[in-house]
Every structure is written in C-alpha cells, then in structure tokens.
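Engineer: The file below is target_17.pdb, PDB, C-alpha atoms:
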```
ATOM      1  CA  MET Q   1     -20.514  17.843  -0.833
ATOM      2  CA  TYR Q   2     -19.064  19.770   2.089
ATOM      3  CA  ILE Q   3     -18.960  23.471   1.177
ATOM      4  CA  PRO Q   4     -17.701  26.021   3.717
ATOM      5  CA  SER Q   5     -19.478  29.329   3.134
ATOM      6  CA  HIS Q   6     -16.355  31.065   1.794
ATOM      7  CA  PHE Q   7     -15.989  28.388  -0.935
ATOM      8  CA  GLU Q   8     -19.636  28.323  -1.999
ATOM      9  CA  GLN Q   9     -20.409  29.345  -5.585
ATOM     10  CA  PRO Q  10     -24.046  30.559  -5.695
ATOM     11  CA  ASP Q  11     -23.897  31.983  -9.233
ATOM     12  CA  ILE Q  12     -25.872  29.733 -11.605
ATOM     13  CA  THR Q  13     -24.303  31.457 -14.623
ATOM     14  CA  ALA Q  14     -20.804  30.603 -13.368
ATOM     15  CA  MET Q  15     -21.806  26.989 -12.718
ATOM     16  CA  HIS Q  16     -23.381  26.711 -16.174
ATOM     17  CA  GLU Q  17     -20.180  28.053 -17.718
ATOM     18  CA  LEU Q  18     -18.115  25.358 -16.000
ATOM     19  CA  ILE Q  19     -20.518  22.677 -17.265
ATOM     20  CA  ARG Q  20     -20.178  23.995 -20.825
ATOM     21  CA  THR Q  21     -16.390  24.239 -20.746
ATOM     22  CA  ARG Q  22     -15.909  20.914 -18.929
ATOM     23  CA  PRO Q  23     -18.825  18.796 -20.233
ATOM     24  CA  LEU Q  24     -17.409  15.366 -19.327
ATOM     25  CA  ALA Q  25     -19.518  14.435 -16.304
ATOM     26  CA  THR Q  26     -19.063  11.711 -13.752
ATOM     27  CA  LEU Q  27     -22.622  10.376 -13.633
ATOM     28  CA  VAL Q  28     -23.318   8.649 -10.330
ATOM     29  CA  THR Q  29     -26.385   6.380 -10.218
ATOM     30  CA  LEU Q  30     -27.853   3.700  -7.992
ATOM     31  CA  SER Q  31     -28.636   0.293  -9.459
ATOM     32  CA  ALA Q  32     -29.659  -3.052  -7.994
ATOM     33  CA  ASP Q  33     -25.940  -3.848  -7.616
ATOM     34  CA  GLY Q  34     -25.142  -0.615  -5.791
ATOM     35  CA  ILE Q  35     -23.540   2.688  -6.765
ATOM     36  CA  ASN Q  36     -22.241   3.085 -10.329
ATOM     37  CA  ALA Q  37     -20.227   5.842 -11.963
ATOM     38  CA  ASN Q  38     -20.088   6.488 -15.712
ATOM     39  CA  HIS Q  39     -18.138   9.198 -17.491
ATOM     40  CA  ILE Q  40     -20.367  10.833 -20.086
ATOM     41  CA  PRO Q  41     -20.188  14.170 -21.937
ATOM     42  CA  LEU Q  42     -23.421  16.088 -21.389
ATOM     43  CA  HIS Q  43     -24.856  19.069 -23.245
ATOM     44  CA  LEU Q  44     -26.507  21.792 -21.165
ATOM     45  CA  SER Q  45     -29.723  23.551 -22.144
ATOM     46  CA  GLU Q  46     -30.768  26.494 -19.952
ATOM     47  CA  SER Q  47     -34.428  25.477 -20.095
ATOM     48  CA  PRO Q  48     -36.270  25.063 -17.819
ATOM     49  CA  VAL Q  49     -35.041  27.857 -15.595
ATOM     50  CA  PRO Q  50     -33.391  28.242 -13.238
ATOM     51  CA  PHE Q  51     -31.114  25.184 -13.481
ATOM     52  CA  GLY Q  52     -31.603  23.789 -17.005
ATOM     53  CA  THR Q  53     -31.404  20.319 -18.539
ATOM     54  CA  LEU Q  54     -28.527  17.953 -19.312
ATOM     55  CA  ARG Q  55     -28.699  15.719 -22.378
ATOM     56  CA  GLY Q  56     -26.397  12.992 -23.633
ATOM     57  CA  HIS Q  57     -26.238   9.406 -24.779
ATOM     58  CA  VAL Q  58     -24.829   6.054 -23.715
ATOM     59  CA  ALA Q  59     -24.043   2.829 -25.502
ATOM     60  CA  ARG Q  60     -27.043   0.541 -25.766
ATOM     61  CA  SER Q  61     -24.883  -2.147 -24.154
ATOM     62  CA  ASN Q  62     -24.326   0.079 -21.090
ATOM     63  CA  PRO Q  63     -26.585  -1.260 -18.294
ATOM     64  CA  ILE Q  64     -27.084   2.245 -16.847
ATOM     65  CA  TRP Q  65     -30.296   2.780 -18.791
ATOM     66  CA  ARG Q  66     -31.822  -0.617 -17.931
ATOM     67  CA  ASP Q  67     -30.597  -1.304 -14.410
ATOM     68  CA  LEU Q  68     -31.646   1.869 -12.623
ATOM     69  CA  GLU Q  69     -33.478   2.274  -9.332
ATOM     70  CA  SER Q  70     -36.644   4.235 -10.099
ATOM     71  CA  ASN Q  71     -37.404   7.554  -8.404
ATOM     72  CA  ILE Q  72     -33.850   7.781  -7.072
ATOM     73  CA  GLU Q  73     -31.962  11.037  -7.546
ATOM     74  CA  LEU Q  74     -28.719  10.861  -9.497
ATOM     75  CA  LEU Q  75     -25.655  13.078  -9.400
ATOM     76  CA  ALA Q  76     -23.641  14.496 -12.309
ATOM     77  CA  ILE Q  77     -20.242  15.853 -11.255
ATOM     78  CA  PHE Q  78     -18.449  18.377 -13.460
ATOM     79  CA  HIS Q  79     -14.796  18.891 -12.589
ATOM     80  CA  GLY Q  80     -13.249  22.269 -13.284
ATOM     81  CA  PRO Q  81      -9.547  23.142 -13.134
ATOM     82  CA  ASP Q  82      -7.494  21.986 -10.161
ATOM     83  CA  ALA Q  83      -3.931  22.394  -8.957
ATOM     84  CA  TYR Q  84      -1.687  21.596  -6.014
ATOM     85  CA  ILE Q  85      -0.874  24.665  -3.916
ATOM     86  CA  SER Q  86       2.617  24.655  -2.414
ATOM     87  CA  PRO Q  87       3.052  26.272   1.023
ATOM     88  CA  SER Q  88       6.309  27.723  -0.291
ATOM     89  CA  TRP Q  89       4.205  30.153  -2.372
ATOM     90  CA  TYR Q  90       2.560  31.819   0.620
ATOM     91  CA  ALA Q  91       3.948  35.231   1.470
ATOM     92  CA  THR Q  92       3.269  34.532   5.156
ATOM     93  CA  LYS Q  93       5.640  31.544   5.106
ATOM     94  CA  LEU Q  94       8.537  33.898   5.838
ATOM     95  CA  GLU Q  95       6.598  35.623   8.607
ATOM     96  CA  THR Q  96       5.309  32.693  10.668
ATOM     97  CA  GLY Q  97       6.150  29.422   8.912
ATOM     98  CA  LYS Q  98       2.611  28.296   9.766
ATOM     99  CA  VAL Q  99       1.612  27.134   6.294
ATOM    100  CA  VAL Q 100       0.669  23.768   4.813
ATOM    101  CA  PRO Q 101      -0.069  22.425   1.320
ATOM    102  CA  THR Q 102      -3.577  22.330  -0.090
ATOM    103  CA  TRP Q 103      -5.419  21.679  -3.331
ATOM    104  CA  ASN Q 104      -7.438  24.303  -5.173
ATOM    105  CA  TYR Q 105     -10.267  23.323  -7.493
ATOM    106  CA  THR Q 106     -13.670  24.191  -8.886
ATOM    107  CA  VAL Q 107     -16.513  21.681  -9.184
ATOM    108  CA  VAL Q 108     -20.246  21.599  -9.875
ATOM    109  CA  HIS Q 109     -22.735  18.988  -8.682
ATOM    110  CA  ALA Q 110     -25.988  18.683 -10.642
ATOM    111  CA  TYR Q 111     -28.891  16.600  -9.319
ATOM    112  CA  GLY Q 112     -31.974  15.232 -11.036
ATOM    113  CA  SER Q 113     -33.751  12.133 -12.316
ATOM    114  CA  LEU Q 114     -32.714  10.155 -15.378
ATOM    115  CA  ARG Q 115     -35.071   9.979 -18.355
ATOM    116  CA  ILE Q 116     -34.311   7.432 -21.066
ATOM    117  CA  ILE Q 117     -35.063   8.450 -24.672
ATOM    118  CA  ASP Q 118     -34.871   5.689 -27.276
ATOM    119  CA  ASP Q 119     -35.729   7.835 -30.303
ATOM    120  CA  ALA Q 120     -33.415   8.192 -33.320
ATOM    121  CA  PRO Q 121     -34.372  11.782 -34.346
ATOM    122  CA  TRP Q 122     -33.990  12.992 -30.742
ATOM    123  CA  ILE Q 123     -30.596  11.298 -30.457
ATOM    124  CA  ARG Q 124     -29.409  12.821 -33.748
ATOM    125  CA  THR Q 125     -30.423  16.292 -32.535
ATOM    126  CA  GLN Q 126     -28.571  15.702 -29.265
ATOM    127  CA  LEU Q 127     -25.455  14.527 -31.107
ATOM    128  CA  GLU Q 128     -25.545  17.608 -33.316
ATOM    129  CA  ALA Q 129     -25.901  19.968 -30.343
ATOM    130  CA  LEU Q 130     -23.060  18.330 -28.397
ATOM    131  CA  THR Q 131     -20.806  18.176 -31.470
ATOM    132  CA  ASN Q 132     -21.474  21.762 -32.520
ATOM    133  CA  GLN Q 133     -20.622  23.031 -29.042
ATOM    134  CA  ASN Q 134     -17.311  21.195 -28.900
ATOM    135  CA  GLU Q 135     -16.331  21.866 -32.521
ATOM    136  CA  ALA Q 136     -17.027  25.604 -32.299
ATOM    137  CA  GLY Q 137     -13.414  26.485 -31.524
ATOM    138  CA  PHE Q 138     -11.908  24.655 -34.506
ATOM    139  CA  PRO Q 139     -10.994  26.548 -37.687
ATOM    140  CA  GLU Q 140     -12.915  23.986 -39.772
ATOM    141  CA  PRO Q 141     -15.594  22.551 -37.464
ATOM    142  CA  TRP Q 142     -16.746  19.020 -38.157
ATOM    143  CA  ALA Q 143     -20.505  18.425 -38.254
ATOM    144  CA  VAL Q 144     -22.526  15.235 -37.888
ATOM    145  CA  SER Q 145     -23.868  15.879 -41.390
ATOM    146  CA  ASP Q 146     -20.308  15.587 -42.777
ATOM    147  CA  ALA Q 147     -20.539  11.815 -42.335
ATOM    148  CA  PRO Q 148     -22.774   9.688 -44.605
ATOM    149  CA  PHE Q 149     -26.349   9.648 -43.308
ATOM    150  CA  ASP Q 150     -26.710   5.863 -43.438
ATOM    151  CA  PHE Q 151     -23.422   5.527 -41.535
ATOM    152  CA  THR Q 152     -24.536   7.786 -38.674
ATOM    153  CA  GLU Q 153     -28.011   6.251 -38.633
ATOM    154  CA  LYS Q 154     -26.430   2.833 -38.084
ATOM    155  CA  LEU Q 155     -24.350   4.182 -35.224
ATOM    156  CA  ILE Q 156     -27.379   5.881 -33.671
ATOM    157  CA  GLU Q 157     -29.041   2.475 -33.448
ATOM    158  CA  SER Q 158     -26.308   1.430 -31.006
ATOM    159  CA  ILE Q 159     -26.886   4.261 -28.498
ATOM    160  CA  VAL Q 160     -29.677   5.463 -26.221
ATOM    161  CA  GLY Q 161     -30.468   9.045 -25.262
ATOM    162  CA  ILE Q 162     -30.504  10.311 -21.684
ATOM    163  CA  GLU Q 163     -31.948  13.491 -20.215
ATOM    164  CA  ILE Q 164     -31.669  14.998 -16.749
ATOM    165  CA  VAL Q 165     -33.799  17.973 -15.742
ATOM    166  CA  ILE Q 166     -31.645  19.591 -13.068
ATOM    167  CA  THR Q 167     -33.499  19.977  -9.775
ATOM    168  CA  ARG Q 168     -30.618  21.498  -7.825
ATOM    169  CA  LEU Q 169     -27.084  22.728  -8.405
ATOM    170  CA  SER Q 170     -24.201  23.201  -5.987
ATOM    171  CA  GLY Q 171     -20.853  24.724  -6.811
ATOM    172  CA  LYS Q 172     -17.587  24.850  -4.895
ATOM    173  CA  TRP Q 173     -14.847  27.282  -5.911
ATOM    174  CA  LYS Q 174     -11.886  26.561  -3.615
ATOM    175  CA  VAL Q 175      -9.483  29.231  -4.852
ATOM    176  CA  SER Q 176      -7.689  30.490  -1.705
ATOM    177  CA  GLN Q 177     -10.528  32.746  -0.490
ATOM    178  CA  ASN Q 178      -9.622  31.739   3.073
ATOM    179  CA  GLN Q 179      -6.116  33.155   2.721
ATOM    180  CA  PRO Q 180      -5.044  36.746   3.471
ATOM    181  CA  PRO Q 181      -4.677  39.040   0.436
ATOM    182  CA  GLN Q 182      -0.877  38.753   0.299
ATOM    183  CA  ASN Q 183      -1.129  34.946   0.093
ATOM    184  CA  GLN Q 184      -3.793  35.137  -2.606
ATOM    185  CA  VAL Q 185      -1.457  37.291  -4.688
ATOM    186  CA  SER Q 186       1.499  34.968  -4.129
ATOM    187  CA  VAL Q 187      -0.603  31.894  -5.011
ATOM    188  CA  ILE Q 188      -1.577  33.524  -8.306
ATOM    189  CA  GLN Q 189       2.102  34.189  -8.990
ATOM    190  CA  GLY Q 190       3.006  30.603  -8.129
ATOM    191  CA  LEU Q 191       0.297  29.211 -10.406
ATOM    192  CA  ASN Q 192       1.328  31.511 -13.243
ATOM    193  CA  ASN Q 193       4.930  30.381 -12.893
ATOM    194  CA  ARG Q 194       3.884  26.761 -13.377
ATOM    195  CA  GLY Q 195       2.648  27.559 -16.884
ATOM    196  CA  GLN Q 196      -0.003  24.819 -16.861
ATOM    197  CA  SER Q 197      -3.404  25.223 -18.474
ATOM    198  CA  ASP Q 198      -5.319  24.266 -15.339
ATOM    199  CA  ALA Q 199      -3.165  26.604 -13.273
ATOM    200  CA  ALA Q 200      -4.087  29.491 -15.566
ATOM    201  CA  ALA Q 201      -7.770  28.559 -15.381
ATOM    202  CA  LEU Q 202      -7.601  28.504 -11.578
ATOM    203  CA  VAL Q 203      -5.979  31.938 -11.581
ATOM    204  CA  ASN Q 204      -8.868  33.240 -13.668
ATOM    205  CA  ALA Q 205     -11.380  31.582 -11.334
ATOM    206  CA  GLY Q 206      -9.720  33.201  -8.347
ATOM    207  CA  VAL Q 207      -9.674  36.612  -9.986
ATOM    208  CA  GLU Q 208     -13.341  36.338 -10.976
ATOM    209  CA  ASN Q 209     -14.289  35.170  -7.492
ATOM    210  CA  ALA Q 210     -12.560  38.179  -5.923
ATOM    211  CA  ARG Q 211     -14.636  40.673  -7.923
TER     212      ARG Q 211
END
```
Output the file's structure in the form of structure tokens.

Structural biologist:
Amino acid sequence: MYIPSHFEQPDITAMHELIRTRPLATLVTLSADGINANHIPLHLSESPVPFGTLRGHVARSNPIWRDLESNIELLAIFHGPDAYISPSWYATKLETGKVVPTWNYTVVHAYGSLRIIDDAPWIRTQLEALTNQNEAGFPEPWAVSDAPFDFTEKLIESIVGIEIVITRLSGKWKVSQNQPPQNQVSVIQGLNNRGQSDAAALVNAGVENAR
C-alpha cells in the first residue's frame, strides 16, 4: 500500500481500534489458481505483542483452508470509514479555484501466515469471543449459549477455524492532513452537513489525527 508520510498511521492502538470496530476483513490469499479474496469477520487478540492475533472461521466447503500456498504471507484488509470530499467545501476554492475532488478514508493492512484449526472446542471459543464483541452494544446481547448446544455443535462441524499471528501492520489515515488548516476546518463542516455515519466517523478520525 502506498502511504505518503503525512497519511501514515503508526499508532498500533489506533489500528487495533479500527480492526475491532470494523472486523469484516478482506482476506487476500494465494492459491494454486492465483489470488483469492474472502470477506471474513475476524476477532483481534492483543497477544502476542506488539501486533496481536486474528481469529475467525470459514465454511468447511470454502477451499481457502485446503488450497493454500504454504509459507506465503497473506493480507487482511480492514476498511474504516470513507467519504467523497467535494472541492466546493475547501475554503481556498474562493481564493484560487485550484481545488479538485478527493476521497478520504482510513484502512489497516495486517500481514501474517494462515493457521488452520479443525478443533470443535477452539472454534466454539472463537465464536463466543467474536459474538460477545459484536453483541456488546445491544440492550439484550445474544450469546452462543442461548442456542441449543446440539444445534450449535452441528453447525460447528460445518466450519473450520483460522488464526493469523500478525507479523506486521500498516495503517493509512487519509483525512485531509495535506490541506491547509482552513480547508481542514471546512472539510469537517462539509462532512458534518452530510449527516452520514461514515462522514461523522471520518470527522472524528481527522480530529484525533490532528491532536
């Protein structure tokens, strides 16, 4: 990923937070047939430091866990908020007219090797961790144990666990850092006026990045 220095996010804590809030990863792997991409929610554990471990599961019928080139690094992409930035928002538009559209976004790339875990107790623990994280914000969180045990055990037979110990992380926060202060302020105003959830999240990312 091309990352100009002013868009680089070196903070592991910030990258971990994006992974937790946007856990649906695009998992890019290399098989005998070439490059594949699967979209899989992954749960982050902070151990081992500094980068942590990603855990998830795939359908047993998914060839990703059988048809995988050994000793080849894979890539998990976590997409944060994004939004189109209109040049009409820039304060300098009235001064020079030298403005063009762009796209702001945040993204994290996590690298590592894929470990396959075909073990029912491990998979149940992983399902519970992923479910508990995503149910935490509900007034009455659902738990895996709410479903009949024999029912979930049957479903677990149809999936396979995956684990990725992260060997390197790269983050890109493209949130108008390359613009003069007056344009940064006007972009925040423009995003706020749109009233979209991703726009608000990008505003927060920009504010945090400016601190």

Engineer: Find the distance between atom CA of Q:Asp118 and atom CA of Q:Arg60 and write it in Å to one decimal.

Structural biologist: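 One can read the atom CA of Q:Asp118 to atom CA of Q:Arg60 distance as 9.5 Å.
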
Engineer: With only C-alpha atoms as the atoms that count, which of Q:Pro101, Q:Val108, Q:Ala129, Q:Ser176 lies nearest to Q:Ile188?

Structural biologist: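 The answer is Q:Ser176, which sits nearest to Q:Ile188.
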
Engineer: Write out as a PyMOL selection string the residues lying within 10 Å of Q:Asp198, counting all atoms listed in the file and excluding same-chain residues fewer than 2 positions away.

Structural biologist: chain Q and resi 80-83+105+191+194-196+200-204

Engineer: Report the residues retrieved by the PyMOL selection byres ((chain Q and resi 39) around 8) from the displayed file, expressed as a list in words.

Structural biologist: Leu24, Ala25, Thr26, Leu27, Ala37, Asn38, Ile40 and Pro41 of chain Q

Engineer: In terms of the shortest atom-to-atom distance over all atoms listed in the file, which of Q:Asn62, Q:Ile12, Q:His6, Q:Gln184 is closest to Q:Ser158?

Structural biologist: Q:Asn62

Engineer: Counting all atoms listed in the file, find the residues whose atoms lie at most 8 Å from (-17.6, 21.5, -7.1) (file coordinates) and write them out as JSON, numbers by chain.

Structural biologist: {"Q": [1, 77, 78, 79, 80, 105, 106, 107, 108, 109, 170, 171, 172, 173]}

Engineer: As an NGL selection string, please: the residues near Q:Trp103 (cut-off 9 Å, all atoms listed in the file, same-chain neighbours under 4 positions excluded).

Structural biologist: :Q and (82-86 or 174-175)

Engineer: Name the residues that the PyMOL selection byres ((chain Q and resi 54-56) around 9) pulls out of this structure, and write them as a tab-separated table (two decimals) with C-alpha atoms, in the frame of the given file.

Structural biologist:
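expr.tsv, written as the output of this step:
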```tsv
chain	number	residue	atom	x	y	z
Q	40	ILE	CA	-20.37	10.83	-20.09
Q	41	PRO	CA	-20.19	14.17	-21.94
Q	42	LEU	CA	-23.42	16.09	-21.39
Q	43	HIS	CA	-24.86	19.07	-23.24
Q	44	LEU	CA	-26.51	21.79	-21.16
Q	45	SER	CA	-29.72	23.55	-22.14
Q	46	GLU	CA	-30.77	26.49	-19.95
Q	52	GLY	CA	-31.60	23.79	-17.00
Q	53	THR	CA	-31.40	20.32	-18.54
Q	57	HIS	CA	-26.24	9.41	-24.78
Q	58	VAL	CA	-24.83	6.05	-23.72
Q	123	ILE	CA	-30.60	11.30	-30.46
Q	126	GLN	CA	-28.57	15.70	-29.26
Q	127	LEU	CA	-25.46	14.53	-31.11
Q	130	LEU	CA	-23.06	18.33	-28.40
Q	160	VAL	CA	-29.68	5.46	-26.22
Q	161	GLY	CA	-30.47	9.04	-25.26
Q	162	ILE	CA	-30.50	10.31	-21.68
Q	163	GLU	CA	-31.95	13.49	-20.22
Q	164	ILE	CA	-31.67	15.00	-16.75
Q	165	VAL	CA	-33.80	17.97	-15.74
Q	166	ILE	CA	-31.64	19.59	-13.07
```

Engineer: Could you jot down the atom CA of Q:Asp11 to atom CA of Q:Ala76 separation for me, Å, one decimal place?

Structural biologist: 17.8 Å

Engineer: For the atom pair atom CA of Q:Ile72 and atom CA of Q:Thr13, what is the interatomic distance in Å to one decimal place?

Structural biologist: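 Computed distance, atom CA of Q:Ile72 to atom CA of Q:Thr13, equals 26.6 Å.
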
Engineer: Point out the residue among Q:Ile19, Q:Leu94, Q:Ala110, Q:Val144 with the least atom-to-atom distance to Q:Asn132, counting only C-alpha atoms.

Structural biologist: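 Looking at the shortest contact to Q:Asn132, the residue is Q:Val144.
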
Engineer: Using the file's own x, y and z axes, so that the box edges lie along x, y and z, what centre and edge lengths in Å (one decimal) does a box around every listed atom of stretch 191-204 of chain Q get when 6 Å is added on each side? Give it as lines of an AutoDock Vina configuration file.

Structural biologist:
```
center_x = -2.0
center_y = 28.8
center_z = -14.4
size_x = 25.8
size_y = 21.0
size_z = 20.1
```

Engineer: Counting only C-alpha atoms, figure out which residue out of Q:Ser113, Q:Gln179, Q:Ser145, Q:Gln189 gets nearest to Q:Glu128.

Structural biologist: Q:Ser145

Engineer: Which residue gives the smallest distance to Q:Thr102 among Q:Trp89, Q:Phe138, Q:Tyr2, Q:Phe149, with only C-alpha atoms counted?

Structural biologist: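 Counting only C-alpha atoms, the residue closest to Q:Thr102 is Q:Trp89.
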
Engineer: Tell me which of Q:Leu169, Q:Asn183, Q:Ser61, Q:Glu135 sits closest to Q:Val49, counting all atoms listed in the file.

Structural biologist: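 Between Q:Leu169, Q:Asn183, Q:Ser61, Q:Glu135, the residue approaching Q:Val49 most closely is Q:Leu169.
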
Engineer: I want to know what sits within 12 Å of Q:Lys154, based on only C-alpha atoms, with residues of the same chain fewer than 5 positions away left out; could you give that as JSON, numbers by chain?

Structural biologist: {"Q": [120, 124, 147, 148, 149, 159]}

Engineer: Identify, on the basis of all atoms listed in the file, every residue whose closest approach to Q:Asn71 does not exceed 10 Å; exclude the query and any residue fewer than 3 positions from it along the same chain; express the result as a list in words.

Structural biologist: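 Surrounding residues, per the criterion: Leu68, Leu74, Gly112, Ser113 and Leu114 of chain Q.
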
Engineer: Would you export the selected residues with C-alpha atoms as an mmCIF file, in the frame of the given file, please?

Structural biologist:
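This went into selection-v6.cif:
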```
data_model
loop_
_atom_site.group_PDB
_atom_site.id
_atom_site.type_symbol
_atom_site.label_atom_id
_atom_site.label_comp_id
_atom_site.auth_asym_id
_atom_site.auth_seq_id
_atom_site.Cartn_x
_atom_site.Cartn_y
_atom_site.Cartn_z
ATOM 1 C CA LEU Q 68 -31.646 1.869 -12.623
ATOM 2 C CA LEU Q 74 -28.719 10.861 -9.497
ATOM 3 C CA GLY Q 112 -31.974 15.232 -11.036
ATOM 4 C CA SER Q 113 -33.751 12.133 -12.316
ATOM 5 C CA LEU Q 114 -32.714 10.155 -15.378
#
```
